[in-house]
file final11.txt (compact mmCIF, C-alpha atoms and all ligand atoms)
# COMPACT_ATOMS: atom_id res chain seq x y z
CA MET A 1 -10.21 -11.48 -13.01
CA ASP A 2 -13.14 -13.90 -12.86
CA GLU A 3 -10.99 -16.89 -11.87
CA VAL A 4 -9.39 -14.99 -9.01
CA LEU A 5 -12.74 -13.71 -7.77
CA ASP A 6 -14.30 -17.17 -8.02
CA LYS A 7 -11.51 -18.48 -5.79
CA ILE A 8 -12.10 -15.65 -3.31
CA LEU A 9 -15.81 -16.48 -3.22
CA GLU A 10 -15.04 -20.17 -2.80
CA ASN A 11 -12.88 -19.30 0.21
CA TYR A 12 -15.66 -17.06 1.54
CA PHE A 13 -18.24 -19.86 1.46
CA GLU A 14 -15.89 -22.61 2.70
CA ASN A 15 -14.58 -20.62 5.66
CA ASP A 16 -17.71 -18.76 6.64
CA GLY A 17 -16.08 -15.48 5.62
CA ASN A 18 -17.36 -11.94 5.76
CA SER A 19 -17.02 -8.67 3.86
CA LEU A 20 -13.70 -7.92 5.58
CA THR A 21 -12.12 -11.25 4.64
CA ILE A 22 -13.29 -10.82 1.04
CA LEU A 23 -11.60 -7.42 0.88
CA GLN A 24 -8.43 -8.83 2.45
CA ASP A 25 -8.36 -11.56 -0.20
CA ILE A 26 -8.91 -9.01 -2.98
CA GLU A 27 -6.14 -6.75 -1.62
CA LYS A 28 -3.79 -9.74 -1.34
CA SER A 29 -4.55 -10.88 -4.89
CA TYR A 30 -4.32 -7.51 -6.66
CA GLY A 31 -2.28 -5.38 -4.28
CA TYR A 32 -5.24 -3.00 -4.02
CA ILE A 33 -9.03 -3.04 -4.24
CA PRO A 34 -10.08 -2.69 -7.89
CA GLU A 35 -13.53 -1.11 -8.21
CA ASP A 36 -14.49 -3.65 -10.84
CA ALA A 37 -13.68 -6.55 -8.48
CA VAL A 38 -15.90 -5.09 -5.76
CA CYS A 39 -18.77 -4.57 -8.21
CA ARG A 40 -18.54 -8.15 -9.47
CA ILE A 41 -18.41 -9.62 -5.94
CA SER A 42 -21.31 -7.38 -4.90
CA ARG A 43 -23.45 -8.64 -7.76
CA LYS A 44 -22.63 -12.28 -7.02
CA LEU A 45 -23.40 -11.94 -3.29
CA ASP A 46 -26.22 -9.43 -3.68
CA ILE A 47 -24.49 -7.10 -1.23
CA PRO A 48 -24.36 -3.38 -2.11
CA PRO A 49 -20.88 -2.21 -3.23
CA SER A 50 -21.18 0.65 -0.72
CA ARG A 51 -20.80 -1.88 2.10
CA PHE A 52 -17.44 -3.00 0.74
CA PHE A 53 -16.25 0.52 -0.05
CA GLY A 54 -17.31 1.68 3.42
CA ILE A 55 -15.01 -0.94 4.95
CA ALA A 56 -12.23 -0.37 2.41
CA THR A 57 -12.13 3.36 3.10
CA PHE A 58 -12.26 2.90 6.90
CA TYR A 59 -9.26 0.60 7.31
CA SER A 60 -5.82 1.83 6.27
CA GLN A 61 -4.81 -1.72 5.29
CA PHE A 62 -6.84 -1.30 2.08
CA HIS A 63 -5.78 0.69 -0.95
CA LEU A 64 -8.14 1.87 -3.65
CA LYS A 65 -5.46 2.61 -6.24
CA PRO A 66 -2.68 0.39 -7.62
CA ARG A 67 0.49 0.55 -5.55
CA GLY A 68 4.10 0.32 -6.58
CA LYS A 69 6.18 -2.84 -6.63
CA HIS A 70 8.32 -1.37 -3.84
CA ILE A 71 6.59 0.26 -0.90
CA ILE A 72 8.54 2.87 1.04
CA THR A 73 6.87 4.19 4.17
CA VAL A 74 8.26 7.30 5.80
CA CYS A 75 7.43 7.79 9.45
CA ARG A 76 6.03 11.26 10.07
CA GLY A 77 5.63 11.08 13.84
CA THR A 78 7.08 13.90 15.93
CA PRO A 79 10.44 12.26 16.82
CA CYS A 80 11.02 11.35 13.16
CA HIS A 81 9.86 14.79 12.01
CA VAL A 82 12.31 16.48 14.37
CA LYS A 83 15.11 14.33 12.93
CA GLY A 84 14.32 15.27 9.32
CA SER A 85 11.71 12.87 7.95
CA GLU A 86 10.08 15.63 5.89
CA LYS A 87 13.30 16.23 3.96
CA ILE A 88 13.62 12.49 3.32
CA LEU A 89 10.02 12.33 2.14
CA ASN A 90 10.40 15.33 -0.20
CA ARG A 91 13.64 14.00 -1.66
CA LEU A 92 12.11 10.57 -2.20
CA GLN A 93 9.15 12.01 -4.10
CA MET A 94 11.49 14.10 -6.24
CA GLU A 95 13.94 11.25 -6.84
CA LEU A 96 11.17 8.83 -7.81
CA ASP A 97 9.34 11.43 -9.91
CA ILE A 98 6.10 11.00 -8.00
CA PRO A 99 3.62 13.71 -9.00
CA ARG A 100 2.47 16.14 -6.30
CA GLY A 101 -0.56 14.80 -4.47
CA GLU A 102 0.17 11.22 -5.56
CA ASP A 103 1.99 8.45 -3.75
CA THR A 104 2.92 6.10 -6.58
CA SER A 105 5.31 6.55 -9.49
CA GLU A 106 3.72 6.40 -12.94
CA ASP A 107 5.68 3.26 -13.81
CA LEU A 108 4.25 1.58 -10.67
CA HIS A 109 7.74 0.71 -9.41
CA PHE A 110 7.53 2.74 -6.19
CA SER A 111 4.94 3.91 -3.73
CA VAL A 112 5.92 6.36 -1.02
CA GLU A 113 3.54 6.42 1.90
CA GLU A 114 3.44 8.13 5.29
CA VAL A 115 2.71 6.71 8.71
CA ASN A 116 2.41 8.38 12.11
CA CYS A 117 4.67 6.04 14.08
CA VAL A 118 6.09 2.57 13.55
CA GLY A 119 7.03 2.13 17.21
CA ALA A 120 10.75 2.57 16.76
CA CYS A 121 11.06 6.21 17.81
CA GLY A 122 14.50 5.62 19.34
CA LEU A 123 15.78 4.96 15.82
CA SER A 124 14.30 8.08 14.24
CA PRO A 125 14.11 9.04 11.50
CA VAL A 126 12.59 5.72 10.47
CA VAL A 127 11.71 4.49 7.00
CA VAL A 128 10.16 1.11 6.20
CA ILE A 129 11.29 -0.32 2.89
CA ASN A 130 9.30 -3.32 1.68
CA SER A 131 8.35 -4.19 5.28
CA GLN A 132 11.90 -3.81 6.62
CA VAL A 133 12.31 -1.14 9.28
CA GLN A 134 15.40 0.99 8.77
CA GLY A 135 16.36 3.48 11.43
CA GLN A 136 18.57 6.56 11.51
CA MET A 137 17.83 7.12 7.84
CA SER A 138 19.58 9.86 5.93
CA ILE A 139 18.95 11.26 2.47
CA ASN A 140 22.17 9.72 1.16
CA ARG A 141 21.36 6.31 2.58
CA MET A 142 17.84 6.59 1.18
CA ILE A 143 19.25 7.23 -2.30
CA GLU A 144 21.50 4.18 -1.92
CA GLU A 145 18.50 2.05 -0.95
CA ILE A 146 16.53 3.28 -3.96
CA ASN A 147 19.43 2.46 -6.26
CA LYS A 148 19.61 -1.06 -4.79
CA LEU A 149 15.91 -1.55 -5.48
CA ARG A 150 16.26 -0.18 -9.01
CA ALA A 151 19.10 -2.64 -9.65
CA LEU A 152 16.79 -5.51 -8.70
CA ASP A 153 14.16 -4.55 -11.30
S1 LIG B 1 7.63 8.67 15.43
FE1 LIG B 1 8.77 7.60 13.94
S2 LIG B 1 9.01 5.64 14.82
FE2 LIG B 1 7.81 6.68 16.25

call {"tool": "encode", "arguments": {"input": "final11.txt", "output": "structure tokens"}}
result
Amino acid sequence: MDEVLDKILENYFENDGNSLTILQDIEKSYGYIPEDAVCRISRKLDIPPSRFFGIATFYSQFHLKPRGKHIITVCRGTPCHVKGSEKILNRLQMELDIPRGEDTSEDLHFSVEEVNCVGACGLSPVVVINSQVQGQMSINRMIEEINKLRALD
């Protein structure tokens, strides 16, 4: 971890960075914001960890827990809800064995997240699979997509 954090700090000093850019670099390096990384950076910069956690909890781009290798985002906006996004979401969580109240499978292969709108309402219900927007999703197609991802692992 130290080597990665040293590189992040190097970037911070070279490019006149700020707390936000440090967190972006940490998120990019680890896929989330490890508490230990924030504490180490805080000590090195003499900035209270609360400043970093305040930013990390404000912006949805940051994640405080490890995320899955594959990120599936189900749109929960009204048009998608009307077209069945809740059923897709429930089936996904069951299919991927994601515990109630959690968003990531225990094996860290999948994370299932929710979003209010991805700006493609005309294609509802919409699911984003590893950054690829897929419209007019159905439960059967969702299962096919999961199986494709499983075959890649
Ligand atoms: S509400 Fe789902 S894309 Fe807009």

call {"tool": "closest_residue", "arguments": {"input": "final11.txt", "among": "A:Lys87, A:Val82, A:Asp103, A:Met94", "to": "Ser124 of chain A", "atoms": "only C-alpha atoms"}}
result
A:Val82

call {"tool": "closest_residue", "arguments": {"input": "final11.txt", "among": "A:Glu27, A:Asp97, A:Glu106, A:Asp6", "to": "Ser60 of chain A", "atoms": "all atoms listed in the file"}}
result
A:Glu27

call {"tool": "residues_near_ligand", "arguments": {"input": "final11.txt", "ligand": "ligand LIG 1 (chain B)", "cutoff": "9 Å", "atoms": "only C-alpha atoms and all ligand atoms", "output": "PDB file with C-alpha atoms, keeping the file's coordinate frame"}}
result
ATOM      1  CA  VAL A  74       8.260   7.300   5.800  1.00  0.00           C
ATOM      2  CA  CYS A  75       7.430   7.790   9.450  1.00  0.00           C
ATOM      3  CA  ARG A  76       6.030  11.260  10.070  1.00  0.00           C
ATOM      4  CA  GLY A  77       5.630  11.080  13.840  1.00  0.00           C
ATOM      5  CA  THR A  78       7.080  13.900  15.930  1.00  0.00           C
ATOM      6  CA  PRO A  79      10.440  12.260  16.820  1.00  0.00           C
ATOM      7  CA  CYS A  80      11.020  11.350  13.160  1.00  0.00           C
ATOM      8  CA  HIS A  81       9.860  14.790  12.010  1.00  0.00           C
ATOM      9  CA  SER A  85      11.710  12.870   7.950  1.00  0.00           C
ATOM     10  CA  VAL A 115       2.710   6.710   8.710  1.00  0.00           C
ATOM     11  CA  ASN A 116       2.410   8.380  12.110  1.00  0.00           C
ATOM     12  CA  CYS A 117       4.670   6.040  14.080  1.00  0.00           C
ATOM     13  CA  VAL A 118       6.090   2.570  13.550  1.00  0.00           C
ATOM     14  CA  GLY A 119       7.030   2.130  17.210  1.00  0.00           C
ATOM     15  CA  ALA A 120      10.750   2.570  16.760  1.00  0.00           C
ATOM     16  CA  CYS A 121      11.060   6.210  17.810  1.00  0.00           C
ATOM     17  CA  GLY A 122      14.500   5.620  19.340  1.00  0.00           C
ATOM     18  CA  LEU A 123      15.780   4.960  15.820  1.00  0.00           C
ATOM     19  CA  SER A 124      14.300   8.080  14.240  1.00  0.00           C
ATOM     20  CA  PRO A 125      14.110   9.040  11.500  1.00  0.00           C
ATOM     21  CA  VAL A 126      12.590   5.720  10.470  1.00  0.00           C
ATOM     22  CA  VAL A 127      11.710   4.490   7.000  1.00  0.00           C
ATOM     23  CA  GLY A 135      16.360   3.480  11.430  1.00  0.00           C
TER      24      GLY A 135
END

call {"tool": "closest_residue", "arguments": {"input": "final11.txt", "among": "A:Asn11, A:Val4, A:Pro49, A:Val133", "to": "Ser29 of chain A", "atoms": "all atoms listed in the file"}}
result
A:Val4

call {"tool": "closest_residue", "arguments": {"input": "final11.txt", "among": "A:Val38, A:Met142, A:Ile88, A:Leu45", "to": "Met1 of chain A", "atoms": "only C-alpha atoms"}}
result
A:Val38

call {"tool": "residues_around", "arguments": {"input": "final11.txt", "residues": "Thr21 of chain A", "least_positions_apart": "3", "cutoff": "12 Å", "atoms": "only C-alpha atoms", "output": "list in words"}}
result
Ile8, Leu9, Glu10, Asn11, Tyr12, Phe13, Asn15, Asp16, Gly17, Asn18, Gln24, Asp25, Ile26, Glu27, Lys28, Phe52, Ile55, Ala56 and Phe62 of chain A

call {"tool": "closest_residue", "arguments": {"input": "final11.txt", "among": "A:Lys83, A:His70, A:Ser19, A:Arg40", "to": "Gly54 of chain A", "atoms": "only C-alpha atoms"}}
result
A:Ser19

call {"tool": "atom_distance", "arguments": {"input": "final11.txt", "atom1": "atom CA of Leu89 of chain A", "atom2": "atom CA of Glu35 of chain A"}}
result
29.0 Å

call {"tool": "residues_near_point", "arguments": {"input": "final11.txt", "point": "(1.4, 0.5, 0.6)", "cutoff": "8 Å", "atoms": "only C-alpha atoms", "output": "PyMOL selection string"}}
result
chain A and resi 63+67-68+71-73+111-113

call {"tool": "atom_distance", "arguments": {"input": "final11.txt", "atom1": "atom CA of Glu145 of chain A", "atom2": "atom CA of Glu114 of chain A"}}
result
17.4 Å

call {"tool": "atom_distance", "arguments": {"input": "final11.txt", "atom1": "atom CA of Arg150 of chain A", "atom2": "atom CA of Arg91 of chain A"}}
result
16.2 Å

call {"tool": "closest_residue", "arguments": {"input": "final11.txt", "among": "A:Gln61, A:Arg51, A:Leu92, A:Gly101", "to": "Glu144 of chain A", "atoms": "all atoms listed in the file"}}
result
A:Leu92
